[in-house]
Amino acid sequence: MYIIQLSVFVENRHGRACDIMEILSENNINILTLSIADTTDFGVMRLIVDKPELAKKVITEAGVICRTTRVIAVPVDHTPGELTKLLKILKDADLSVEYLYAFCVEEHSKPIIVLRPTHREPALKALIAAGIEPVTIEQE
Amino acid sequence: MAILHPEIECMPREELKKLQSERLKWQVARMYERVTLFRKRMDALGLKPSDINGVEDLHKLPFSYKQDLRDYYPYGLFAEPLKDIVRVHASSGTTGKQIVVGYTQKDLDDWADGVARMMVAIGLGEDDFVQVSYGYGLFTGGLGAHGGAEKIGATVIPTSAGNTQRQIQTMVDFGSTALCCTPSYALYLGESIEEMGLKDQLSLKVGIFGAEPWTEDMRHTIENKLNIKAYDIYGLSEIMGPGVSYECECQAGMHVCEDMFIPEIIDPDTGEVLPEGAQGELVFTTITKEGFPLIRYRTRDICELNYEKCACGRTHVRMKKPQGRTDDMLIIRGVNVFPSQIEEVLLKASNGAMPNYQIIVDRVNNNDTLDINVEMTAEMFGDDVKTLAATEKMLENEVRSVLGIGAKIHLCNPKSLPKSEGKAKRVFDNRKLH
Ligand SMILES: [Zn+2]
């Protein structure tokens with residue numbers, strides 16, 4: 001019901017993001033999508049990769065703090081109003097969204113929205129009740 | 001609780017002042033005669049021993065410094081013939097040559113007396129078993145505590161430091177009722193005892209801890225782990241060793257044995273004596289010491305003195321736990337800041353596992369800035385920016401409430417800061433570069 005997201009602590013320092021990409025490519029880890037949340041001092045890079053456990057291990061070994069979390073991924077039609085529909089379900093269930101971003105993969109025809117609601121289980125319930133089925137992707 | 005020498009420890013301050021004045025005059029006269037460096041410094045100031053009529057003239061006397069002990073190593077500052085020196089102690093310190101101090105038999109008796117006053121004050125006596133887990137040897141801790149315990153007629157268990165398993169076995173089997181060691185070793189013993197499940201087999205009542213800085217939080221942890229009351233003792237080998245000052249049962253500051261040592265608080269920059277209650281550098285004059293006396297010795301400890309009579313009945317002045325060292329002190333926006341204060345905040349916030357950190361002071365547009373880089377632990381990291389920002393904010397608030405000035409906290413990755421060898425490397429005062 002969930003997919004694994006990797007969050008990495010990135011100091012605002014020249015070349016830091018590049019260092020992390022290098023670690024992943026050296027270990028043959030493929031990135032499906034990523035988003036960066038930043039403040040003036042640091043950022044948190046959120047990644048969906050094909051091998052999250054391996055990624056966590058190699059990034060940690062490189063002395064960078066990271067962790068994996070489970071996030072909800074739902075497919076939406078690529079038409080106006082689709083995201084509104086999705087968010088309305090959560091709003092009506094009194095739930096908020098901490099962050100969200102989107103990506104596409106070959107195995108699914110529709111864009112996939114990754115979202116982290118304030119409360120994961122109730123959000124999942126509300127979505128399923130509204131007929132929206134979260135997807136999983138192949139991850140090692 | 002009992003008082004070993006009420007006539008001295010509770011002496012009215014006017015009388016005490018007279019006693020100190022007499023002893024000071026005696027000390028100045030004999031040192032002028034016997035210690036070349038002291039005589040030279042007096043002469044340079046145009047001072048004769050006869051110019052010193054009492055403690056009110058103390059401020060006229062020249063200071064002495066740790067460097068003097070290195071410059072006149074090994075016996076150049078001794079004031080008695082070496083045949084009358086019955087023991088020496090030495091300390092190497094982290095930098096440079098070791099220093100050496102000497103004691104006559106009377107000095108050793110006085111030293112033991114200071115420690116004995118504390119032991120009596122916290123309820124120890126001839127029925128007690130005092131385990132001395134300070135190191136024995138050139139370091140003053142072991143033999144200092146040992147002498148005090150013998151003086152009160154307690155049974156001394158001289159385990160010295162180290163060999164924790166045996167240390168704990170001894171504590172249980174011999175029925176130790178008092179423990180003397182460094183606070184960090186007490187903490188370690190407490191943890192080991194907990195692990196071994198022997199806490200309920202201890203007979204310990206009290207602990208006497210000193211020779212390194214420790215916090216109130218540490219005190220509570222030690223008290224809980226060992227099920228004792230933990231008391232602070234202060235001293236330095238240049239002046240005597242442990243027992244220069246100590247906590248009584250009221251634990252409201254450490255009583256200085258003022259019939260032997262006169263403390264002053266001075267401005268470390270100007271050397272001016274500061275008014276009662278002010279914070280500044282602690283300076284000691286030894287007025288009874290024969291073998292290795294010092295006049296106005298700069299301890300480099302930052303401290304405060306409280307001359308109010310203590311609830312225990314003692315009139316001897318109480319000193320606060322030293323707040324830091326003059327060498328470490330930073331003046332930021334006019335406020336005295338010690339790295340140890342920042343360390344305390346970080347230690348508390350990280351549940352006792354000290355994160356690596358850096359303190360960076362700079363000046364931007366004539367304003368001092370304080371930045372603290374802190375290595376994060378995996379536990380501190382959530383997957384969102386909010387948690388991290390909240391951690392930064394929390395640390396910033398804590399630092400502000402402890403220091404009284406604001407700081408910017410920067411979280412960074414583990415091992416990203418250079419590993420510090422010695423505390424000095426953690427502090428970067430870039431203002432000096434401009
Ligand atoms: Zn008292």
# chains A, B, ... in the order shown; residues from 1 in each chain; ligands from 1
$ interface_residues --of "chain A" --to "chain B" --cutoff "9 Å" --atoms "only C-alpha atoms" --output "PyMOL selection string"
chain A and resi 6-11+37-39+41-46+63-69+98-99
$ residues_around --residues "Leu34 in chain A" --least-positions-apart "4" --cutoff "9 Å" --atoms "only C-alpha atoms" --output "PyMOL selection string"
chain A and resi 45-49+101-103
$ write_last_selection --atoms "all heavy atoms" --output "PDB file, in the first residue's frame"
ATOM      1  N   MET A  45      16.421  16.303   1.070  1.00  0.00           N
ATOM      2  CA  MET A  45      16.185  15.765  -0.262  1.00  0.00           C
ATOM      3  C   MET A  45      15.354  14.504  -0.113  1.00  0.00           C
ATOM      4  O   MET A  45      15.708  13.624   0.663  1.00  0.00           O
ATOM      5  CB  MET A  45      17.529  15.448  -0.918  1.00  0.00           C
ATOM      6  CG  MET A  45      17.415  15.070  -2.377  1.00  0.00           C
ATOM      7  SD  MET A  45      19.011  14.458  -2.982  1.00  0.00           S
ATOM      8  CE  MET A  45      19.880  15.978  -3.208  1.00  0.00           C
ATOM      9  N   ARG A  46      14.227  14.454  -0.840  1.00  0.00           N
ATOM     10  CA  ARG A  46      13.376  13.268  -0.750  1.00  0.00           C
ATOM     11  C   ARG A  46      13.445  12.537  -2.079  1.00  0.00           C
ATOM     12  O   ARG A  46      13.232  13.132  -3.141  1.00  0.00           O
ATOM     13  CB  ARG A  46      11.939  13.661  -0.436  1.00  0.00           C
ATOM     14  CG  ARG A  46      11.833  14.458   0.842  1.00  0.00           C
ATOM     15  CD  ARG A  46      10.399  14.562   1.302  1.00  0.00           C
ATOM     16  NE  ARG A  46      10.360  15.337   2.536  1.00  0.00           N
ATOM     17  CZ  ARG A  46      10.076  16.636   2.571  1.00  0.00           C
ATOM     18  NH1 ARG A  46       9.790  17.293   1.452  1.00  0.00           N
ATOM     19  NH2 ARG A  46      10.081  17.268   3.723  1.00  0.00           N
ATOM     20  N   LEU A  47      13.750  11.274  -2.020  1.00  0.00           N
ATOM     21  CA  LEU A  47      13.952  10.520  -3.247  1.00  0.00           C
ATOM     22  C   LEU A  47      13.105   9.257  -3.270  1.00  0.00           C
ATOM     23  O   LEU A  47      12.917   8.614  -2.234  1.00  0.00           O
ATOM     24  CB  LEU A  47      15.416  10.079  -3.357  1.00  0.00           C
ATOM     25  CG  LEU A  47      16.506  11.126  -3.279  1.00  0.00           C
ATOM     26  CD1 LEU A  47      17.420  10.809  -2.119  1.00  0.00           C
ATOM     27  CD2 LEU A  47      17.291  11.153  -4.565  1.00  0.00           C
ATOM     28  N   ILE A  48      12.627   8.932  -4.439  1.00  0.00           N
ATOM     29  CA  ILE A  48      12.072   7.598  -4.658  1.00  0.00           C
ATOM     30  C   ILE A  48      13.085   6.891  -5.563  1.00  0.00           C
ATOM     31  O   ILE A  48      13.389   7.381  -6.651  1.00  0.00           O
ATOM     32  CB  ILE A  48      10.697   7.659  -5.372  1.00  0.00           C
ATOM     33  CG1 ILE A  48       9.727   8.585  -4.620  1.00  0.00           C
ATOM     34  CG2 ILE A  48      10.122   6.255  -5.526  1.00  0.00           C
ATOM     35  CD1 ILE A  48       9.283   8.109  -3.257  1.00  0.00           C
ATOM     36  N   VAL A  49      13.659   5.820  -5.051  1.00  0.00           N
ATOM     37  CA  VAL A  49      14.681   5.108  -5.820  1.00  0.00           C
ATOM     38  C   VAL A  49      14.297   3.647  -5.950  1.00  0.00           C
ATOM     39  O   VAL A  49      13.410   3.162  -5.232  1.00  0.00           O
ATOM     40  CB  VAL A  49      16.072   5.219  -5.136  1.00  0.00           C
ATOM     41  CG1 VAL A  49      16.531   6.661  -5.081  1.00  0.00           C
ATOM     42  CG2 VAL A  49      16.052   4.621  -3.744  1.00  0.00           C
ATOM     43  N   TYR A 101       4.653  15.548  -4.144  1.00  0.00           N
ATOM     44  CA  TYR A 101       5.310  15.757  -5.428  1.00  0.00           C
ATOM     45  C   TYR A 101       4.884  14.626  -6.367  1.00  0.00           C
ATOM     46  O   TYR A 101       4.198  13.692  -5.914  1.00  0.00           O
ATOM     47  CB  TYR A 101       6.826  15.845  -5.292  1.00  0.00           C
ATOM     48  CG  TYR A 101       7.484  14.710  -4.537  1.00  0.00           C
ATOM     49  CD1 TYR A 101       8.101  13.650  -5.221  1.00  0.00           C
ATOM     50  CD2 TYR A 101       7.509  14.697  -3.141  1.00  0.00           C
ATOM     51  CE1 TYR A 101       8.714  12.615  -4.529  1.00  0.00           C
ATOM     52  CE2 TYR A 101       8.116  13.665  -2.451  1.00  0.00           C
ATOM     53  CZ  TYR A 101       8.719  12.623  -3.144  1.00  0.00           C
ATOM     54  OH  TYR A 101       9.316  11.603  -2.457  1.00  0.00           O
ATOM     55  N   ALA A 102       5.233  14.720  -7.642  1.00  0.00           N
ATOM     56  CA  ALA A 102       4.701  13.757  -8.604  1.00  0.00           C
ATOM     57  C   ALA A 102       5.807  13.163  -9.457  1.00  0.00           C
ATOM     58  O   ALA A 102       6.895  13.725  -9.570  1.00  0.00           O
ATOM     59  CB  ALA A 102       3.684  14.447  -9.506  1.00  0.00           C
ATOM     60  N   PHE A 103       5.540  12.008 -10.019  1.00  0.00           N
ATOM     61  CA  PHE A 103       6.483  11.412 -10.976  1.00  0.00           C
ATOM     62  C   PHE A 103       5.774  10.431 -11.900  1.00  0.00           C
ATOM     63  O   PHE A 103       4.615  10.081 -11.684  1.00  0.00           O
ATOM     64  CB  PHE A 103       7.647  10.741 -10.248  1.00  0.00           C
ATOM     65  CG  PHE A 103       7.295   9.470  -9.501  1.00  0.00           C
ATOM     66  CD1 PHE A 103       7.654   8.222 -10.019  1.00  0.00           C
ATOM     67  CD2 PHE A 103       6.624   9.515  -8.285  1.00  0.00           C
ATOM     68  CE1 PHE A 103       7.346   7.049  -9.321  1.00  0.00           C
ATOM     69  CE2 PHE A 103       6.320   8.349  -7.585  1.00  0.00           C
ATOM     70  CZ  PHE A 103       6.683   7.111  -8.104  1.00  0.00           C
TER      71      PHE A 103
END
$ closest_residue --among "B:Glu238, B:Asp371, B:Asp232, B:Asp269" --to "Gln251 in chain B" --atoms "only C-alpha atoms"
B:Asp232
$ residues_near_ligand --ligand "ligand 1" --cutoff "7 Å" --atoms "only C-alpha atoms and all ligand atoms" --output "MDAnalysis selection string"
chainID B and resid 247:250 252 255 310:314
$ write_last_selection --atoms "C-alpha atoms" --output "mmCIF file, in the first residue's frame"
data_model
loop_
_atom_site.group_PDB
_atom_site.id
_atom_site.type_symbol
_atom_site.label_atom_id
_atom_site.label_comp_id
_atom_site.auth_asym_id
_atom_site.auth_seq_id
_atom_site.Cartn_x
_atom_site.Cartn_y
_atom_site.Cartn_z
ATOM 1 C CA GLU B 247 30.408 21.988 50.154
ATOM 2 C CA CYS B 248 28.859 21.642 53.583
ATOM 3 C CA GLU B 249 25.577 19.824 54.169
ATOM 4 C CA CYS B 250 23.666 22.884 52.877
ATOM 5 C CA ALA B 252 24.950 26.279 48.847
ATOM 6 C CA HIS B 255 33.335 27.095 51.962
ATOM 7 C CA CYS B 310 25.788 29.993 55.797
ATOM 8 C CA ALA B 311 22.810 28.175 57.307
ATOM 9 C CA CYS B 312 25.267 25.570 58.601
ATOM 10 C CA GLY B 313 26.756 28.170 60.963
ATOM 11 C CA ARG B 314 30.098 28.519 59.201
#
$ residues_around --residues "Arg70 in chain B" --least-positions-apart "6" --cutoff "9 Å" --atoms "only C-alpha atoms" --output "PyMOL selection string"
chain B and resi 96-100
$ write_last_selection --atoms "all heavy atoms" --output "PDB file, in the first residue's frame"
ATOM      1  N   GLY B  96      53.046  21.827  27.924  1.00  0.00           N
ATOM      2  CA  GLY B  96      54.325  22.204  28.497  1.00  0.00           C
ATOM      3  C   GLY B  96      54.827  21.353  29.636  1.00  0.00           C
ATOM      4  O   GLY B  96      54.369  20.253  29.899  1.00  0.00           O
ATOM      5  N   LYS B  97      55.802  21.928  30.317  1.00  0.00           N
ATOM      6  CA  LYS B  97      56.527  21.268  31.388  1.00  0.00           C
ATOM      7  C   LYS B  97      55.620  20.955  32.568  1.00  0.00           C
ATOM      8  O   LYS B  97      54.656  21.650  32.808  1.00  0.00           O
ATOM      9  CB  LYS B  97      57.612  22.237  31.873  1.00  0.00           C
ATOM     10  CG  LYS B  97      58.989  21.724  31.595  1.00  0.00           C
ATOM     11  CD  LYS B  97      60.172  22.451  32.149  1.00  0.00           C
ATOM     12  CE  LYS B  97      60.218  23.876  32.534  1.00  0.00           C
ATOM     13  NZ  LYS B  97      61.598  24.384  32.639  1.00  0.00           N
ATOM     14  N   GLN B  98      55.984  19.934  33.324  1.00  0.00           N
ATOM     15  CA  GLN B  98      55.207  19.680  34.533  1.00  0.00           C
ATOM     16  C   GLN B  98      55.586  20.710  35.599  1.00  0.00           C
ATOM     17  O   GLN B  98      56.618  21.377  35.518  1.00  0.00           O
ATOM     18  CB  GLN B  98      55.413  18.252  35.019  1.00  0.00           C
ATOM     19  CG  GLN B  98      56.791  17.945  35.575  1.00  0.00           C
ATOM     20  CD  GLN B  98      56.835  16.551  36.209  1.00  0.00           C
ATOM     21  OE1 GLN B  98      55.825  15.901  36.421  1.00  0.00           O
ATOM     22  NE2 GLN B  98      58.021  16.088  36.505  1.00  0.00           N
ATOM     23  N   ILE B  99      54.706  20.832  36.575  1.00  0.00           N
ATOM     24  CA  ILE B  99      54.992  21.722  37.692  1.00  0.00           C
ATOM     25  C   ILE B  99      55.100  20.865  38.938  1.00  0.00           C
ATOM     26  O   ILE B  99      54.538  19.774  39.006  1.00  0.00           O
ATOM     27  CB  ILE B  99      53.901  22.797  37.874  1.00  0.00           C
ATOM     28  CG1 ILE B  99      52.533  22.129  38.093  1.00  0.00           C
ATOM     29  CG2 ILE B  99      53.857  23.732  36.681  1.00  0.00           C
ATOM     30  CD1 ILE B  99      51.509  23.059  38.687  1.00  0.00           C
ATOM     31  N   VAL B 100      55.847  21.360  39.937  1.00  0.00           N
ATOM     32  CA  VAL B 100      56.017  20.573  41.150  1.00  0.00           C
ATOM     33  C   VAL B 100      55.782  21.468  42.362  1.00  0.00           C
ATOM     34  O   VAL B 100      56.122  22.658  42.342  1.00  0.00           O
ATOM     35  CB  VAL B 100      57.414  19.893  41.182  1.00  0.00           C
ATOM     36  CG1 VAL B 100      58.524  20.919  41.124  1.00  0.00           C
ATOM     37  CG2 VAL B 100      57.581  19.011  42.411  1.00  0.00           C
TER      38      VAL B 100
END
$ closest_atom_pairs --of "range 263-341 of chain B" --to "range 42-61 of chain B" --cutoff "12 Å" --atoms "only C-alpha atoms" --output "JSON lines"
{"residue": "B:Pro263", "atom": "CA", "partner": "B:Leu58", "partner_atom": "CA", "distance": 10.4}
{"residue": "B:Glu264", "atom": "CA", "partner": "B:His59", "partner_atom": "CA", "distance": 8.9}
{"residue": "B:Ile265", "atom": "CA", "partner": "B:His59", "partner_atom": "CA", "distance": 10.6}
{"residue": "B:Ile266", "atom": "CA", "partner": "B:His59", "partner_atom": "CA", "distance": 9.7}
{"residue": "B:Gly271", "atom": "CA", "partner": "B:His59", "partner_atom": "CA", "distance": 9.2}
{"residue": "B:Glu272", "atom": "CA", "partner": "B:His59", "partner_atom": "CA", "distance": 8.1}
{"residue": "B:Val273", "atom": "CA", "partner": "B:His59", "partner_atom": "CA", "distance": 7.0}
{"residue": "B:Leu274", "atom": "CA", "partner": "B:His59", "partner_atom": "CA", "distance": 10.6}
{"residue": "B:Val283", "atom": "CA", "partner": "B:His59", "partner_atom": "CA", "distance": 10.7}
{"residue": "B:Phe284", "atom": "CA", "partner": "B:Leu58", "partner_atom": "CA", "distance": 10.7}
{"residue": "B:Thr285", "atom": "CA", "partner": "B:Leu58", "partner_atom": "CA", "distance": 8.9}
{"residue": "B:Thr286", "atom": "CA", "partner": "B:Leu58", "partner_atom": "CA", "distance": 11.7}
{"residue": "B:Ile287", "atom": "CA", "partner": "B:Val55", "partner_atom": "CA", "distance": 10.6}
{"residue": "B:Leu294", "atom": "CA", "partner": "B:Leu61", "partner_atom": "CA", "distance": 11.2}
{"residue": "B:Ile295", "atom": "CA", "partner": "B:Leu61", "partner_atom": "CA", "distance": 7.5}
{"residue": "B:Arg296", "atom": "CA", "partner": "B:Leu61", "partner_atom": "CA", "distance": 7.3}
{"residue": "B:Tyr297", "atom": "CA", "partner": "B:Leu61", "partner_atom": "CA", "distance": 10.6}
$ write_last_selection --atoms "C-alpha atoms" --output "mmCIF file, in the first residue's frame"
data_model
loop_
_atom_site.group_PDB
_atom_site.id
_atom_site.type_symbol
_atom_site.label_atom_id
_atom_site.label_comp_id
_atom_site.auth_asym_id
_atom_site.auth_seq_id
_atom_site.Cartn_x
_atom_site.Cartn_y
_atom_site.Cartn_z
ATOM 1 C CA PRO B 263 40.362 34.293 48.075
ATOM 2 C CA GLU B 264 39.856 37.391 45.946
ATOM 3 C CA ILE B 265 37.867 37.998 42.780
ATOM 4 C CA ILE B 266 39.587 40.205 40.239
ATOM 5 C CA GLY B 271 43.808 42.922 37.784
ATOM 6 C CA GLU B 272 41.469 45.176 39.803
ATOM 7 C CA VAL B 273 39.743 43.606 42.807
ATOM 8 C CA LEU B 274 36.010 43.405 42.073
ATOM 9 C CA VAL B 283 42.896 34.440 43.161
ATOM 10 C CA PHE B 284 44.304 32.720 46.251
ATOM 11 C CA THR B 285 46.897 33.690 48.840
ATOM 12 C CA THR B 286 48.173 30.922 51.086
ATOM 13 C CA ILE B 287 48.722 32.361 54.560
ATOM 14 C CA LEU B 294 51.937 31.600 46.888
ATOM 15 C CA ILE B 295 50.752 35.176 47.065
ATOM 16 C CA ARG B 296 47.777 36.209 44.924
ATOM 17 C CA TYR B 297 47.949 33.191 42.678
#
$ closest_residue --among "A:Ile59, A:Asp94, A:Thr40, A:Asp77" --to "Asp19 in chain A" --atoms "only C-alpha atoms"
A:Ile59
$ residues_around --residues "Ile3 in chain A" --least-positions-apart "5" --cutoff "9 Å" --atoms "only C-alpha atoms" --output "list in words"
Ile48, Thr69, Arg70, Val71, Ile72, Ala73, Val114, Val135, Thr136, Ile137, Glu138 and Gln139 of chain A
$ write_last_selection --atoms "C-alpha atoms" --output "PDB file, in the first residue's frame"
ATOM      1  CA  ILE A  48      12.072   7.598  -4.658  1.00  0.00           C
ATOM      2  CA  THR A  69       9.744   6.478   5.421  1.00  0.00           C
ATOM      3  CA  ARG A  70       6.634   5.000   3.917  1.00  0.00           C
ATOM      4  CA  VAL A  71       4.597   7.392   1.802  1.00  0.00           C
ATOM      5  CA  ILE A  72       1.319   7.067  -0.079  1.00  0.00           C
ATOM      6  CA  ALA A  73       1.473   7.059  -3.878  1.00  0.00           C
ATOM      7  CA  VAL A 114       3.523  11.024  -3.706  1.00  0.00           C
ATOM      8  CA  VAL A 135      -0.147   2.001  -6.033  1.00  0.00           C
ATOM      9  CA  THR A 136       3.080   0.300  -5.222  1.00  0.00           C
ATOM     10  CA  ILE A 137       6.141   0.167  -7.411  1.00  0.00           C
ATOM     11  CA  GLU A 138       8.962  -2.312  -7.611  1.00  0.00           C
ATOM     12  CA  GLN A 139      11.548  -1.505  -4.994  1.00  0.00           C
TER      13      GLN A 139
END
$ select_by_dssp --residues "range 199-383 of chain B" --states "helix (DSSP H, G or I)" --output "PyMOL selection string"
chain B and resi 199-201+216-226+339-349+378-380
$ residues_around --residues "Tyr246 in chain B" --least-positions-apart "6" --cutoff "9 Å" --atoms "only C-alpha atoms" --output "PyMOL selection string"
chain B and resi 114-115+117-118+231-235+253-257+318-319
$ write_last_selection --atoms "C-alpha atoms" --output "PDB file, in the first residue's frame"
ATOM      1  CA  GLY B 114      40.715  21.005  55.293  1.00  0.00           C
ATOM      2  CA  VAL B 115      39.493  17.723  53.835  1.00  0.00           C
ATOM      3  CA  ARG B 117      36.374  19.587  57.860  1.00  0.00           C
ATOM      4  CA  MET B 118      34.378  18.636  54.799  1.00  0.00           C
ATOM      5  CA  TYR B 231      29.181  16.774  47.372  1.00  0.00           C
ATOM      6  CA  ASP B 232      31.536  19.038  45.495  1.00  0.00           C
ATOM      7  CA  ILE B 233      35.131  19.618  46.576  1.00  0.00           C
ATOM      8  CA  TYR B 234      37.513  22.152  45.039  1.00  0.00           C
ATOM      9  CA  GLY B 235      41.231  22.507  45.072  1.00  0.00           C
ATOM     10  CA  GLY B 253      28.448  27.010  47.581  1.00  0.00           C
ATOM     11  CA  MET B 254      31.846  25.783  48.708  1.00  0.00           C
ATOM     12  CA  HIS B 255      33.335  27.095  51.962  1.00  0.00           C
ATOM     13  CA  VAL B 256      36.917  28.263  51.486  1.00  0.00           C
ATOM     14  CA  CYS B 257      39.191  27.334  54.428  1.00  0.00           C
ATOM     15  CA  ARG B 318      31.493  30.370  49.962  1.00  0.00           C
ATOM     16  CA  MET B 319      32.640  30.216  46.364  1.00  0.00           C
TER      17      MET B 319
END
$ residues_around --residues "Gly137 in chain B" --least-positions-apart "5" --cutoff "12 Å" --atoms "only C-alpha atoms" --output "list in words"
Arg87, Val88, His89, Ala90, Ser91, Gly142, Leu143, Gly144, His146, Pro158, Ser160 and Ala161 of chain B
$ write_last_selection --atoms "C-alpha atoms" --output "PDB file, in the first residue's frame"
ATOM      1  CA  ARG B  87      56.446  15.251  50.069  1.00  0.00           C
ATOM      2  CA  VAL B  88      56.103  16.629  46.561  1.00  0.00           C
ATOM      3  CA  HIS B  89      53.211  16.457  44.134  1.00  0.00           C
ATOM      4  CA  ALA B  90      53.336  17.305  40.460  1.00  0.00           C
ATOM      5  CA  SER B  91      51.000  17.814  37.572  1.00  0.00           C
ATOM      6  CA  GLY B 142      44.237  10.289  46.025  1.00  0.00           C
ATOM      7  CA  LEU B 143      46.533  11.222  48.886  1.00  0.00           C
ATOM      8  CA  GLY B 144      44.565  14.401  49.588  1.00  0.00           C
ATOM      9  CA  HIS B 146      43.264   9.835  52.023  1.00  0.00           C
ATOM     10  CA  PRO B 158      42.737   3.176  49.156  1.00  0.00           C
ATOM     11  CA  SER B 160      42.990   4.323  43.725  1.00  0.00           C
ATOM     12  CA  ALA B 161      41.468   4.733  40.242  1.00  0.00           C
TER      13      ALA B 161
END
$ residues_around --residues "Lys51 in chain A" --least-positions-apart "2" --cutoff "8 Å" --atoms "only C-alpha atoms" --output "VMD selection string"
chain A and resid 29 to 30 49 53 to 55 139 to 140
$ write_last_selection --atoms "N, CA, C and O atoms" --output "short mmCIF file (atom, residue, chain, number, x, y, z; two decimals), in the first residue's frame"
data_model
loop_
_atom_site.label_atom_id
_atom_site.label_comp_id
_atom_site.auth_asym_id
_atom_site.auth_seq_id
_atom_site.Cartn_x
_atom_site.Cartn_y
_atom_site.Cartn_z
N ILE A 29 22.15 2.79 -8.41
CA ILE A 29 20.81 3.01 -7.89
C ILE A 29 20.12 4.02 -8.79
O ILE A 29 20.67 5.08 -9.10
N ASN A 30 18.91 3.68 -9.22
CA ASN A 30 18.19 4.54 -10.15
C ASN A 30 17.18 5.41 -9.40
O ASN A 30 16.47 4.95 -8.52
N VAL A 49 13.66 5.82 -5.05
CA VAL A 49 14.68 5.11 -5.82
C VAL A 49 14.30 3.65 -5.95
O VAL A 49 13.41 3.16 -5.23
N GLU A 53 16.81 0.49 0.36
CA GLU A 53 17.61 -0.02 1.48
C GLU A 53 19.11 0.11 1.21
O GLU A 53 19.88 0.53 2.06
N LEU A 54 19.48 -0.25 -0.03
CA LEU A 54 20.89 -0.12 -0.41
C LEU A 54 21.30 1.36 -0.38
O LEU A 54 22.37 1.72 0.11
N ALA A 55 20.41 2.21 -0.88
CA ALA A 55 20.70 3.64 -0.91
C ALA A 55 20.94 4.17 0.50
O ALA A 55 21.88 4.91 0.76
N GLN A 139 10.38 -2.03 -5.71
CA GLN A 139 11.55 -1.50 -4.99
C GLN A 139 12.23 -2.65 -4.27
O GLN A 139 11.56 -3.54 -3.75
N GLU A 140 13.54 -2.61 -4.24
CA GLU A 140 14.25 -3.67 -3.52
C GLU A 140 14.57 -3.19 -2.12
O GLU A 140 15.03 -2.08 -1.95
#
$ closest_residue --among "A:Leu100, A:Ala123, A:Leu90, A:Cys18" --to "Thr33 in chain A" --atoms "only C-alpha atoms"
A:Leu100
$ atom_distance --atom1 "CA of Gln131 in chain B" --atom2 "CA of Asp110 in chain B"
21.2 Å
$ select_by_dssp --residues "chain A" --states "strand (DSSP E or B)" --output "PyMOL selection string"
chain A and resi 3-11+31-38+42-49+66-75+97-103+112-117
$ closest_residue --among "B:Glu223, B:Asp68, B:Asp217, B:Asp128" --to "Lys348 in chain B" --atoms "only C-alpha atoms"
B:Asp217
$ closest_residue --among "B:Pro339, B:Gly153, B:Gly207, B:Gly291" --to "Tyr75 in chain B" --atoms "only C-alpha atoms"
B:Gly291
$ decode --residues "range 19-29 of chain A" --atoms "N, CA and C atoms" --output "PDB file, in the first residue's frame"
ATOM      1  N   ASP A  19      27.334  15.340  -4.616  1.00  0.00           N
ATOM      2  CA  ASP A  19      28.000  14.252  -3.894  1.00  0.00           C
ATOM      3  C   ASP A  19      27.039  13.084  -3.696  1.00  0.00           C
ATOM      4  N   ILE A  20      25.815  13.428  -3.338  1.00  0.00           N
ATOM      5  CA  ILE A  20      24.840  12.377  -3.028  1.00  0.00           C
ATOM      6  C   ILE A  20      24.445  11.620  -4.311  1.00  0.00           C
ATOM      7  N   MET A  21      24.274  12.365  -5.392  1.00  0.00           N
ATOM      8  CA  MET A  21      23.960  11.731  -6.679  1.00  0.00           C
ATOM      9  C   MET A  21      25.079  10.769  -7.078  1.00  0.00           C
ATOM     10  N   GLU A  22      26.287  11.190  -6.822  1.00  0.00           N
ATOM     11  CA  GLU A  22      27.441  10.382  -7.189  1.00  0.00           C
ATOM     12  C   GLU A  22      27.447   9.048  -6.424  1.00  0.00           C
ATOM     13  N   ILE A  23      27.132   9.127  -5.139  1.00  0.00           N
ATOM     14  CA  ILE A  23      27.080   7.911  -4.327  1.00  0.00           C
ATOM     15  C   ILE A  23      26.050   6.942  -4.911  1.00  0.00           C
ATOM     16  N   LEU A  24      24.898   7.503  -5.304  1.00  0.00           N
ATOM     17  CA  LEU A  24      23.834   6.649  -5.826  1.00  0.00           C
ATOM     18  C   LEU A  24      24.226   6.027  -7.159  1.00  0.00           C
ATOM     19  N   SER A  25      24.808   6.834  -8.038  1.00  0.00           N
ATOM     20  CA  SER A  25      25.151   6.295  -9.365  1.00  0.00           C
ATOM     21  C   SER A  25      26.271   5.265  -9.262  1.00  0.00           C
ATOM     22  N   GLU A  26      27.218   5.515  -8.364  1.00  0.00           N
ATOM     23  CA  GLU A  26      28.292   4.540  -8.178  1.00  0.00           C
ATOM     24  C   GLU A  26      27.759   3.189  -7.741  1.00  0.00           C
ATOM     25  N   ASN A  27      26.633   3.196  -7.065  1.00  0.00           N
ATOM     26  CA  ASN A  27      26.057   1.953  -6.574  1.00  0.00           C
ATOM     27  C   ASN A  27      24.916   1.453  -7.464  1.00  0.00           C
ATOM     28  N   ASN A  28      24.845   2.040  -8.647  1.00  0.00           N
ATOM     29  CA  ASN A  28      23.866   1.600  -9.630  1.00  0.00           C
ATOM     30  C   ASN A  28      22.428   1.700  -9.112  1.00  0.00           C
ATOM     31  N   ILE A  29      22.154   2.785  -8.411  1.00  0.00           N
ATOM     32  CA  ILE A  29      20.807   3.011  -7.885  1.00  0.00           C
ATOM     33  C   ILE A  29      20.116   4.024  -8.792  1.00  0.00           C
TER      34      ILE A  29
END
